[in-house]
Amino acid sequence: MDAPNTIELDGLTKRYGPVVGITALSLAVRAGEVFGLLGPNGAGKTTTLRCLVGLLRSTGGRIRVLGLDPVADHPRLAPHLGYLPGELRFYPELTGEETLDLLTALQGSPANRRRELCARLDLSERDLRRPVLGYSRGMKQKLGLVQALQHEPRLVVMDEPTEGLDPLVQETFYELVAEAAEAGRTVLLSSHVLPEVQRACGRVALVREGRLVTVERVAALREARARRIRVTLDPDPSGAPRGLGPADHWHPRWQGDRAELLVPPKDITTTLRQLLTLPVRDITVEEAGLTEAFLDLYRDPARDQARDPARDPARSDGPPTGEPS
């Protein structure tokens with residue numbers, strides 16, 4: 001039996017006056033899933049997350065989080081929800097411990113995992129006794145992760161969660177995400193960092209300019225997209241410009257006698273045959289990463305949606321200057 005949906009969005013739309021934040025976004029996230037919301041800065045990711053956790057009221061569409069309306073039913077939803085915003089704003093005069101106590105009271109659920117999480121994220125007792133004013137960016141991010149996870153929420157929503165974390169703490173973050181999924185909890189994370197999404201998520205939604213581009217399994221997204229071919233040719237004594245014949249169609253990038261090109265799976269065999277008619281010294285084919293898949297989708301004119309003339313291309317993910325949040 002399929003797991004029930006933790007998140008259901010049906011035509012979610014949010015406008016800030018004439019400016020579009022998100023348009024007609026529909027998707028579902030299952031219980032126990034680690035789901036990624038992927039897109040460049042300004043794509044509408046943060047707007048979507050703020051609507052999901054009840055910080056913004058949508059302009060149109062329907063939202064259900066754990067079966068509840070995140071605005072109308074917020075008091076019932078809050079104890080089961082963990083949220084890490086992209087811009088952490090703590091009270092600077094409070095200590096780390098006082099900050100966690102305050103957020104525990106607001107969450108309305110006991111912080112059973114606080115000590116464990118602080119230990120794993122390397123937030124010492126001494127750190128927690130210090131005012132947040134003296135925290136580094138990385139320490140604030142760790143405090144934010146603790147408050148999002150300390151009450152064992154059924155749903156964790158995180159906006160750019162590894163921002164400011166050193167590599168060792170990032171590894172701990174990935175462990176915590178995997179453990180949450182294994183326990184049947186749902187994790188939704190927003191990011192523009194492709195390796196982060198590829199490492200953590202099973203499925204991903206790509207958004208661009210406030211609109212949904214696609215929803216795919218990460219593995220399928222990579223498999224369906226281009227393969228990377230690297231080919232090295234024997235040196236040309238004449239020093240003439242190098243070319244790959246018909247394979248130049250794939251716009252190879254050259255570095256000396258070595259070329260790299262991205263080719264769709266259906267064209268791999270033909271392209272290899274073309275390349276092997278050349279004086280090839282070495283050739284390799286490998287699966288492209290999520291980076292290539294992401295760029296391929298964003299550059300594919302066939303997937304372009306009609307642009308909304310009311311949209312401001314220079315806006316951030318949040319409301320424009322002067323608009324209420």
# chains A, B, ... in the order shown; residues from 1 in each chain; ligands from 1
$ residues_around --residues "Thr284 (chain A)" --least-positions-apart "6" --cutoff "7 Å" --atoms "only C-alpha atoms" --output "number ranges by chain"
A: 229-231
$ select_by_dssp --residues "region 76-253 of chain A" --states "alpha helix (DSSP H)" --output "count of residues only"
68
$ residues_around --residues "Ala31 (chain A)" --least-positions-apart "2" --cutoff "6 Å" --atoms "only C-alpha atoms" --output "list in words"
Ala3, Pro4, Asn5, Thr6, Glu33 and Thr186 of chain A
$ closest_residue --among "A:Asp257, A:Ala205, A:Pro79, A:Leu143" --to "Pro237 (chain A)" --atoms "only C-alpha atoms"
A:Asp257
$ residues_around --residues "region 152-156 of chain A" --least-positions-apart "2" --cutoff "8 Å" --atoms "only C-alpha atoms" --output "JSON, numbers by chain"
{"A": [6, 79, 80, 81, 82, 83, 84, 111, 112, 113, 148, 149, 150, 158, 184, 185, 186, 187, 188]}
$ residues_around --residues "region 124-130 of chain A" --least-positions-apart "5" --cutoff "10 Å" --atoms "only C-alpha atoms" --output "PDB file with N, CA and C atoms, in the first residue's frame"
ATOM      1  N   GLU A  93      19.981  38.701  22.109  1.00  0.00           N
ATOM      2  CA  GLU A  93      20.329  38.781  23.531  1.00  0.00           C
ATOM      3  C   GLU A  93      20.076  37.461  24.263  1.00  0.00           C
ATOM      4  N   LEU A  94      19.323  36.550  23.657  1.00  0.00           N
ATOM      5  CA  LEU A  94      19.068  35.256  24.296  1.00  0.00           C
ATOM      6  C   LEU A  94      20.239  34.315  24.080  1.00  0.00           C
ATOM      7  N   THR A  95      20.461  33.430  25.038  1.00  0.00           N
ATOM      8  CA  THR A  95      21.475  32.393  24.852  1.00  0.00           C
ATOM      9  C   THR A  95      20.912  31.322  23.920  1.00  0.00           C
ATOM     10  N   GLY A  96      21.782  30.419  23.483  1.00  0.00           N
ATOM     11  CA  GLY A  96      21.331  29.314  22.658  1.00  0.00           C
ATOM     12  C   GLY A  96      20.291  28.461  23.365  1.00  0.00           C
ATOM     13  N   GLU A  97      20.530  28.198  24.668  1.00  0.00           N
ATOM     14  CA  GLU A  97      19.594  27.401  25.447  1.00  0.00           C
ATOM     15  C   GLU A  97      18.244  28.108  25.588  1.00  0.00           C
ATOM     16  N   GLU A  98      18.274  29.398  25.866  1.00  0.00           N
ATOM     17  CA  GLU A  98      17.023  30.156  25.994  1.00  0.00           C
ATOM     18  C   GLU A  98      16.263  30.201  24.670  1.00  0.00           C
ATOM     19  N   THR A  99      17.009  30.286  23.583  1.00  0.00           N
ATOM     20  CA  THR A  99      16.385  30.275  22.256  1.00  0.00           C
ATOM     21  C   THR A  99      15.661  28.962  22.012  1.00  0.00           C
ATOM     22  N   LEU A 100      16.313  27.852  22.327  1.00  0.00           N
ATOM     23  CA  LEU A 100      15.688  26.542  22.132  1.00  0.00           C
ATOM     24  C   LEU A 100      14.487  26.364  23.057  1.00  0.00           C
ATOM     25  N   ARG A 115      19.367  17.255  23.511  1.00  0.00           N
ATOM     26  CA  ARG A 115      20.739  16.980  23.944  1.00  0.00           C
ATOM     27  C   ARG A 115      21.486  16.137  22.923  1.00  0.00           C
ATOM     28  N   CYS A 118      22.341  18.368  19.864  1.00  0.00           N
ATOM     29  CA  CYS A 118      23.419  19.314  20.170  1.00  0.00           C
ATOM     30  C   CYS A 118      24.774  18.604  20.175  1.00  0.00           C
ATOM     31  N   ALA A 119      24.812  17.408  20.748  1.00  0.00           N
ATOM     32  CA  ALA A 119      26.068  16.653  20.788  1.00  0.00           C
ATOM     33  C   ALA A 119      26.519  16.278  19.383  1.00  0.00           C
ATOM     34  N   TYR A 135      27.309  34.190  18.036  1.00  0.00           N
ATOM     35  CA  TYR A 135      27.408  32.966  17.227  1.00  0.00           C
ATOM     36  C   TYR A 135      27.886  33.283  15.813  1.00  0.00           C
ATOM     37  N   MET A 139      27.285  28.290  13.512  1.00  0.00           N
ATOM     38  CA  MET A 139      26.684  27.949  14.797  1.00  0.00           C
ATOM     39  C   MET A 139      25.188  28.253  14.799  1.00  0.00           C
ATOM     40  N   LEU A 143      22.122  25.629  15.421  1.00  0.00           N
ATOM     41  CA  LEU A 143      21.031  25.884  16.359  1.00  0.00           C
ATOM     42  C   LEU A 143      19.676  25.770  15.650  1.00  0.00           C
TER      43      LEU A 143
END
$ closest_residue --among "A:Pro85, A:Pro161, A:Ile7, A:Ile22" --to "Leu68 (chain A)" --atoms "only C-alpha atoms"
A:Ile7
$ closest_residue --among "A:Gly61, A:Gly134, A:Pro279, A:Pro246" --to "Asp267 (chain A)" --atoms "only C-alpha atoms"
A:Pro246
$ closest_residue --among "A:Leu206, A:Leu272, A:Leu233, A:Leu212" --to "Pro40 (chain A)" --atoms "only C-alpha atoms"
A:Leu206
$ select_by_dssp --residues "region 150-242 of chain A" --states "strand (DSSP E)" --output "JSON, numbers by chain"
{"A": [155, 156, 157, 158, 159, 186, 187, 188, 189, 190, 191, 203, 204, 205, 206, 207, 208, 211, 212, 213, 214, 215, 216, 217, 227, 228, 229, 230, 231, 232, 233]}
$ write_last_selection --atoms "C-alpha atoms" --output "PDB file, in the first residue's frame"
ATOM      1  CA  LEU A 155       7.294  16.807   8.800  1.00  0.00           C
ATOM      2  CA  VAL A 156      10.532  18.772   8.567  1.00  0.00           C
ATOM      3  CA  VAL A 157      10.690  21.683   6.101  1.00  0.00           C
ATOM      4  CA  MET A 158      14.156  23.136   5.507  1.00  0.00           C
ATOM      5  CA  ASP A 159      15.246  26.041   3.323  1.00  0.00           C
ATOM      6  CA  THR A 186       8.844  13.371   5.869  1.00  0.00           C
ATOM      7  CA  VAL A 187      11.584  15.820   4.907  1.00  0.00           C
ATOM      8  CA  LEU A 188      11.102  18.612   2.380  1.00  0.00           C
ATOM      9  CA  LEU A 189      14.209  20.600   1.622  1.00  0.00           C
ATOM     10  CA  SER A 190      14.684  23.502  -0.722  1.00  0.00           C
ATOM     11  CA  SER A 191      18.053  24.140  -2.293  1.00  0.00           C
ATOM     12  CA  ARG A 203      12.483  12.770  -5.690  1.00  0.00           C
ATOM     13  CA  VAL A 204      12.815  16.369  -6.707  1.00  0.00           C
ATOM     14  CA  ALA A 205      10.585  19.101  -8.119  1.00  0.00           C
ATOM     15  CA  LEU A 206      12.312  21.616 -10.372  1.00  0.00           C
ATOM     16  CA  VAL A 207      10.825  25.100 -10.327  1.00  0.00           C
ATOM     17  CA  ARG A 208      11.652  28.024 -12.543  1.00  0.00           C
ATOM     18  CA  ARG A 211       6.307  27.514 -12.188  1.00  0.00           C
ATOM     19  CA  LEU A 212       6.811  23.782 -11.928  1.00  0.00           C
ATOM     20  CA  VAL A 213       9.158  22.372 -14.592  1.00  0.00           C
ATOM     21  CA  THR A 214       9.046  18.692 -13.647  1.00  0.00           C
ATOM     22  CA  VAL A 215       8.820  16.212 -10.776  1.00  0.00           C
ATOM     23  CA  GLU A 216      11.172  13.264 -11.108  1.00  0.00           C
ATOM     24  CA  ARG A 217      13.005  10.636  -9.144  1.00  0.00           C
ATOM     25  CA  ARG A 227      25.658  11.254 -20.894  1.00  0.00           C
ATOM     26  CA  ARG A 228      29.083  12.840 -20.693  1.00  0.00           C
ATOM     27  CA  ILE A 229      31.557  11.693 -23.337  1.00  0.00           C
ATOM     28  CA  ARG A 230      35.217  12.574 -22.926  1.00  0.00           C
ATOM     29  CA  VAL A 231      37.400  11.933 -25.937  1.00  0.00           C
ATOM     30  CA  THR A 232      41.135  12.515 -26.375  1.00  0.00           C
ATOM     31  CA  LEU A 233      42.558  12.659 -29.892  1.00  0.00           C
TER      32      LEU A 233
END
$ atom_distance --atom1 "CA of Gly86 (chain A)" --atom2 "CA of Val34 (chain A)"
17.9 Å
$ residues_around --residues "Val193 (chain A)" --least-positions-apart "6" --cutoff "10 Å" --atoms "only C-alpha atoms" --output "list of chain:residue names"
A:Leu38, A:Gly39, A:Pro40, A:Glu160, A:Thr162, A:Glu163, A:Thr291
$ residues_around --residues "Leu12 (chain A)" --least-positions-apart "5" --cutoff "6 Å" --atoms "only C-alpha atoms" --output "list in words"
Ala24, Leu25, Gly60 and Gly61 of chain A
$ write_last_selection --atoms "C-alpha atoms" --output "PDB file, in the first residue's frame"
ATOM      1  CA  ALA A  24      -0.417  26.979 -10.097  1.00  0.00           C
ATOM      2  CA  LEU A  25       1.999  24.630  -8.327  1.00  0.00           C
ATOM      3  CA  GLY A  60      -5.075  30.759  -4.754  1.00  0.00           C
ATOM      4  CA  GLY A  61      -5.134  26.987  -4.798  1.00  0.00           C
TER       5      GLY A  61
END
